[in-house]
file final.txt (compact mmCIF, C-alpha atoms)
# COMPACT_ATOMS: atom_id res chain seq x y z
CA GLU A 1 67.53 93.25 -36.27
CA LEU A 2 65.40 92.42 -39.31
CA ALA A 3 62.30 93.70 -37.52
CA ARG A 4 64.08 96.94 -36.57
CA ARG A 5 65.12 97.49 -40.18
CA ALA A 6 61.60 96.84 -41.40
CA ILE A 7 60.08 99.33 -38.95
CA ASP A 8 62.71 101.95 -39.80
CA ALA A 9 61.92 101.49 -43.49
CA ALA A 10 58.19 101.82 -42.83
CA ILE A 11 58.60 105.05 -40.85
CA ALA A 12 60.98 106.51 -43.44
CA SER A 13 58.37 105.98 -46.15
CA LEU A 14 55.74 108.12 -44.37
CA ALA A 15 54.86 111.72 -45.11
CA ALA A 16 54.25 114.36 -42.46
CA GLY A 17 50.50 113.98 -42.87
CA ASP A 18 50.59 110.28 -42.01
CA TRP A 19 50.34 108.86 -38.49
CA PHE A 20 52.25 105.97 -36.92
CA ALA A 21 52.86 104.17 -33.63
CA ILE A 22 55.30 101.44 -32.54
CA VAL A 23 54.42 98.68 -30.06
CA ALA A 24 56.87 96.01 -28.85
CA TYR A 25 55.58 92.78 -27.32
CA ASP A 26 56.89 89.55 -25.82
CA ASP A 27 55.70 88.44 -22.37
CA ARG A 28 54.80 92.10 -21.83
CA VAL A 29 53.65 94.93 -24.09
CA ASP A 30 55.38 98.29 -24.44
CA VAL A 31 54.22 101.32 -26.43
CA VAL A 32 57.58 102.41 -27.85
CA ALA A 33 56.08 105.35 -29.75
CA PRO A 34 52.44 106.39 -29.17
CA SER A 35 50.34 107.36 -32.17
CA THR A 36 51.67 110.60 -33.63
CA PRO A 37 51.94 112.48 -36.94
CA ALA A 38 55.04 111.40 -38.88
CA THR A 39 56.93 114.68 -38.56
CA GLY A 40 60.72 114.67 -38.87
CA PRO A 41 61.35 114.97 -35.09
CA ALA A 42 58.79 112.23 -34.35
CA ARG A 43 60.40 109.85 -36.84
CA HIS A 44 63.87 110.50 -35.41
CA ALA A 45 62.66 109.99 -31.82
CA ALA A 46 60.96 106.73 -32.79
CA SER A 47 64.09 105.48 -34.51
CA ARG A 48 66.13 106.17 -31.38
CA ALA A 49 63.60 104.41 -29.18
CA LEU A 50 63.52 101.49 -31.61
CA ALA A 51 67.27 100.97 -31.15
CA GLY A 52 66.66 100.10 -27.49
CA ILE A 53 64.36 97.15 -28.22
CA ASP A 54 65.90 93.73 -27.67
CA ALA A 55 64.71 90.12 -27.52
CA ARG A 56 63.26 89.24 -24.12
CA GLY A 57 60.69 86.59 -23.21
CA SER A 58 57.71 84.74 -24.65
CA THR A 59 55.28 85.80 -27.40
CA ASN A 60 52.01 87.40 -26.32
CA LEU A 61 51.08 88.16 -29.90
CA PHE A 62 47.42 88.92 -29.19
CA ASP A 63 47.97 91.63 -26.56
CA GLY A 64 50.76 93.25 -28.59
CA TRP A 65 48.60 93.24 -31.69
CA MET A 66 45.58 94.62 -29.81
CA GLN A 67 47.67 97.45 -28.36
CA GLY A 68 48.82 98.31 -31.89
CA CYS A 69 45.19 98.32 -33.05
CA ALA A 70 44.25 100.55 -30.12
CA GLN A 71 46.91 103.04 -31.18
CA VAL A 72 45.44 103.11 -34.68
CA ALA A 73 41.84 103.31 -33.48
CA ALA A 74 42.61 106.20 -31.11
CA HIS A 75 42.77 108.59 -34.07
CA GLN A 76 40.86 106.58 -36.67
CA ASP A 77 37.82 108.87 -36.77
CA GLY A 78 39.83 112.06 -37.07
CA VAL A 79 42.37 110.83 -39.62
CA PRO A 80 41.01 110.04 -43.10
CA GLY A 81 42.61 107.37 -45.26
CA THR A 82 43.81 103.80 -44.79
CA HIS A 83 44.28 102.36 -41.29
CA ARG A 84 46.71 99.46 -41.04
CA VAL A 85 48.55 97.46 -38.42
CA LEU A 86 51.81 95.79 -39.45
CA LEU A 87 52.07 92.74 -37.17
CA MET A 88 55.61 91.33 -36.97
CA SER A 89 56.70 88.10 -35.30
CA ASP A 90 59.61 85.65 -35.30
CA GLY A 91 57.93 83.01 -33.13
CA HIS A 92 54.70 81.31 -32.08
CA ALA A 93 51.91 82.84 -30.01
CA ASN A 94 52.40 81.12 -26.64
CA GLN A 95 50.91 83.59 -24.16
CA GLY A 96 47.51 85.26 -23.92
CA VAL A 97 45.08 84.26 -26.67
CA THR A 98 46.74 81.54 -28.75
CA ASP A 99 43.83 79.82 -30.52
CA ARG A 100 44.22 80.31 -34.27
CA GLU A 101 40.51 80.49 -35.06
CA GLU A 102 39.90 83.08 -32.36
CA LEU A 103 42.81 85.21 -33.56
CA MET A 104 41.50 85.07 -37.12
CA ARG A 105 38.03 86.02 -35.88
CA HIS A 106 39.48 89.10 -34.18
CA ALA A 107 41.28 90.00 -37.43
CA GLY A 108 38.01 89.87 -39.34
CA GLU A 109 36.20 92.00 -36.77
CA LEU A 110 38.96 94.62 -36.91
CA ALA A 111 38.82 94.66 -40.71
CA ARG A 112 35.09 95.32 -40.58
CA ARG A 113 35.81 98.27 -38.30
CA GLY A 114 38.24 99.69 -40.83
CA VAL A 115 41.56 98.48 -39.36
CA ALA A 116 43.42 96.03 -41.63
CA THR A 117 46.21 93.74 -40.42
CA TRP A 118 49.25 92.94 -42.56
CA THR A 119 51.67 90.35 -41.18
CA PHE A 120 55.44 89.86 -41.40
CA GLY A 121 57.14 86.63 -40.34
CA PHE A 122 60.88 86.74 -39.62
CA GLY A 123 63.32 83.83 -39.64
CA ALA A 124 62.48 80.15 -39.82
CA ASP A 125 60.53 79.67 -36.59
CA PHE A 126 57.44 81.87 -36.90
CA ASP A 127 53.93 80.39 -37.22
CA GLU A 128 53.38 80.81 -40.95
CA ASP A 129 49.84 79.40 -40.99
CA LEU A 130 48.73 81.73 -38.19
CA MET A 131 50.30 84.85 -39.69
CA GLU A 132 48.86 84.08 -43.12
CA GLY A 133 45.43 83.40 -41.64
CA ILE A 134 45.40 86.66 -39.66
CA ALA A 135 46.40 88.64 -42.75
CA PHE A 136 43.77 87.14 -45.02
CA ALA A 137 41.03 87.42 -42.39
CA GLY A 138 42.19 90.94 -41.56
CA GLY A 139 42.04 92.30 -45.10
CA GLY A 140 45.82 92.41 -45.55
CA GLN A 141 48.69 90.38 -46.95
CA SER A 142 51.30 88.15 -45.35
CA TYR A 143 55.05 88.31 -45.97
CA TYR A 144 58.00 86.10 -45.08
CA VAL A 145 61.15 88.13 -44.41
CA GLU A 146 64.23 85.96 -44.71
CA SER A 147 66.89 88.57 -45.47
CA PRO A 148 67.41 92.37 -45.28
CA ALA A 149 67.19 92.60 -49.07
CA GLN A 150 63.50 91.68 -48.97
CA ILE A 151 62.45 94.31 -46.46
CA GLN A 152 62.16 97.33 -48.73
CA ASP A 153 59.91 95.59 -51.27
CA HIS A 154 57.63 94.22 -48.57
CA ILE A 155 57.37 97.53 -46.75
CA THR A 156 56.64 99.30 -50.04
CA SER A 157 53.74 96.90 -50.52
CA ALA A 158 52.36 97.27 -47.00
CA VAL A 159 52.87 101.01 -46.54
CA GLY A 160 53.36 102.48 -50.00
CA GLU A 161 50.36 100.77 -51.54
CA ALA A 162 48.17 102.19 -48.79
CA LEU A 163 48.42 105.47 -50.68
CA ASP A 164 47.14 103.80 -53.85
CA VAL A 165 43.96 102.20 -52.49
CA VAL A 166 41.23 102.61 -55.10
CA ALA A 167 38.45 100.58 -53.43
CA ARG A 168 37.80 99.99 -49.74
CA GLY A 169 35.96 97.11 -48.10
CA VAL A 170 35.45 95.23 -51.36
CA GLU A 171 33.04 92.27 -51.25
CA LEU A 172 32.36 89.62 -53.87
CA ARG A 173 28.74 88.43 -53.77
CA ILE A 174 27.90 85.13 -55.44
CA GLN A 175 24.25 84.32 -56.02
CA ALA A 176 23.71 80.58 -56.33
CA PRO A 177 20.58 78.79 -57.60
CA ASP A 178 18.58 76.61 -55.22
CA GLY A 179 20.39 73.42 -54.28
CA VAL A 180 23.86 74.79 -55.08
CA LEU A 181 26.32 75.43 -52.25
CA VAL A 182 29.20 77.88 -52.81
CA GLU A 183 32.17 77.18 -50.52
CA PRO A 184 35.22 79.51 -50.83
CA LEU A 185 38.50 77.64 -50.35
CA SER A 186 40.71 80.75 -50.24
CA LEU A 187 41.56 82.26 -46.86
CA PHE A 188 39.45 85.39 -47.31
CA ARG A 189 36.64 85.67 -44.76
CA SER A 190 33.22 84.74 -46.07
CA HIS A 191 29.65 84.33 -44.88
CA ARG A 192 26.25 83.44 -46.29
CA SER A 193 23.20 85.65 -46.50
CA GLY A 194 20.33 83.47 -47.69
CA SER A 195 21.37 82.02 -51.03
CA THR A 196 24.17 84.59 -51.43
CA THR A 197 27.77 83.88 -50.45
CA VAL A 198 29.72 87.03 -49.54
CA VAL A 199 33.55 86.98 -49.73
CA GLU A 200 35.34 89.90 -48.03
CA LEU A 201 38.32 91.03 -50.13
CA GLY A 202 39.25 94.13 -48.09
CA ASP A 203 40.96 97.12 -49.69
CA LEU A 204 42.25 96.86 -53.25
CA VAL A 205 45.00 98.94 -54.81
CA SER A 206 45.50 100.00 -58.40
CA ASP A 207 46.26 97.03 -60.72
CA GLN A 208 46.07 94.51 -57.84
CA GLN A 209 45.09 90.98 -58.81
CA VAL A 210 43.25 88.74 -56.33
CA ARG A 211 43.02 84.98 -56.82
CA LEU A 212 39.92 83.33 -55.39
CA VAL A 213 39.10 79.61 -55.35

call {"tool": "encode", "arguments": {"input": "final.txt", "output": "structure tokens"}}
result
Amino acid sequence: ELARRAIDAAIASLAAGDWFAIVAYDDRVDVVAPSTPATGPARHAASRALAGIDARGSTNLFDGWMQGCAQVAAHQDGVPGTHRVLLMSDGHANQGVTDREELMRHAGELARRGVATWTFGFGADFDEDLMEGIAFAGGGQSYYVESPAQIQDHITSAVGEALDVVARGVELRIQAPDGVLVEPLSLFRSHRSGSTTVVELGDLVSDQQVRLV
């Protein structure tokens, strides 16, 4: 129910020029609403389809997430702006790809292709470390949704702030002198290029503050 409310809130916040899709996943993956402009009829149809989703089996997080990314990528070239996947889960990835490092690697690759992943964990039993790792590697943020009251604020951050992006694909480059090793401890993806350490910060919105260790 919390996930349904969150998706409804996300769709309601869109304008007609935005695009959206809904994918449901457990032990199988269903495209509830294929990628479409957020017109009034499309939003109403998606809300009706959303009402039919119920809890079923296991958690194939990877395949559900990849199908969501495919829906975004299908129109990525023809639709300017910010491209985001909101990945929601109330459990642990226990089918398909389940290795945390591999999932984070996929998140980073998607971010480099222009598709960011923001994560939402519901209830007390989701894999917080995994969801946080995917979000940071994927150029997004991670949220814990414990009650309906929190949904609107979190959705405003994930969807509303997409309209306020002022810098895309931001990187911090740190040039170190010989013999000095720079090792980022934050969860942002990083790599070395010679003596330069590059930290990938993703998209930044107006007045956003990023803490880096």

call {"tool": "closest_residue", "arguments": {"input": "final.txt", "among": "A:Arg28, A:Arg43, A:Arg192, A:Arg112", "to": "Ala9 (chain A)", "atoms": "only C-alpha atoms"}}
result
A:Arg43

call {"tool": "axis_aligned_box", "arguments": {"input": "final.txt", "around": "region 196-208 of chain A", "padding_each_side": "3 Å", "output": "lines of an AutoDock Vina configuration file"}}
result
center_x = 35.2
center_y = 91.9
center_z = -54.4
size_x = 28.1
size_y = 22.1
size_z = 18.7

call {"tool": "residues_around", "arguments": {"input": "final.txt", "residues": "Arg113 (chain A)", "least_positions_apart": "4", "cutoff": "12 Å", "atoms": "only C-alpha atoms", "output": "VMD selection string"}}
result
chain A and resid 69 to 70 72 to 73 76 to 77 82 to 84 106 to 109 117 138 to 139 168 to 169 202

call {"tool": "residues_around", "arguments": {"input": "final.txt", "residues": "Asn60 (chain A)", "least_positions_apart": "4", "cutoff": "7 Å", "atoms": "all atoms listed in the file", "output": "list in words"}}
result
Tyr25, Asp26, Asp27, Gly64, Ala93, Asn94, Gln95 and Gly96 of chain A

call {"tool": "atom_distance", "arguments": {"input": "final.txt", "atom1": "CA of Leu201 (chain A)", "atom2": "CA of Met104 (chain A)"}}
result
14.7 Å

call {"tool": "atom_distance", "arguments": {"input": "final.txt", "atom1": "CA of Leu130 (chain A)", "atom2": "CA of Trp65 (chain A)"}}
result
13.2 Å

call {"tool": "atom_distance", "arguments": {"input": "final.txt", "atom1": "CA of Arg189 (chain A)", "atom2": "CA of Gln141 (chain A)"}}
result
13.1 Å

call {"tool": "closest_residue", "arguments": {"input": "final.txt", "among": "A:Ser186, A:Ser193, A:Thr59, A:Ser147", "to": "Ala24 (chain A)", "atoms": "all atoms listed in the file"}}
result
A:Thr59

call {"tool": "closest_residue", "arguments": {"input": "final.txt", "among": "A:Ile151, A:Leu212, A:Val159, A:Ile7", "to": "Leu50 (chain A)", "atoms": "all atoms listed in the file"}}
result
A:Ile7

call {"tool": "closest_atom_pairs", "arguments": {"input": "final.txt", "of": "region 62-153 of chain A", "to": "region 30-34 of chain A", "cutoff": "9 Å", "atoms": "all atoms listed in the file", "output": "CSV"}}
result
residue,atom,partner,partner_atom,distance
A:Gly64,CA,A:Asp30,CA,8.0
A:Gln67,CA,A:Val31,CA,7.8
A:Gly68,CA,A:Val31,CA,8.2
A:Gln71,CA,A:Pro34,CA,6.8

call {"tool": "closest_residue", "arguments": {"input": "final.txt", "among": "A:Phe20, A:Phe62, A:Glu200, A:Ala6", "to": "Val85 (chain A)", "atoms": "all atoms listed in the file"}}
result
A:Phe20

call {"tool": "residues_around", "arguments": {"input": "final.txt", "residues": "Phe126 (chain A)", "least_positions_apart": "4", "cutoff": "8 Å", "atoms": "all atoms listed in the file", "output": "mmCIF file with C-alpha atoms, keeping the file's coordinate frame"}}
result
data_model
loop_
_atom_site.group_PDB
_atom_site.id
_atom_site.type_symbol
_atom_site.label_atom_id
_atom_site.label_comp_id
_atom_site.auth_asym_id
_atom_site.auth_seq_id
_atom_site.Cartn_x
_atom_site.Cartn_y
_atom_site.Cartn_z
ATOM 1 C CA SER A 89 56.700 88.100 -35.300
ATOM 2 C CA ASP A 90 59.610 85.650 -35.300
ATOM 3 C CA GLY A 91 57.930 83.010 -33.130
ATOM 4 C CA HIS A 92 54.700 81.310 -32.080
ATOM 5 C CA GLY A 121 57.140 86.630 -40.340
ATOM 6 C CA PHE A 122 60.880 86.740 -39.620
#
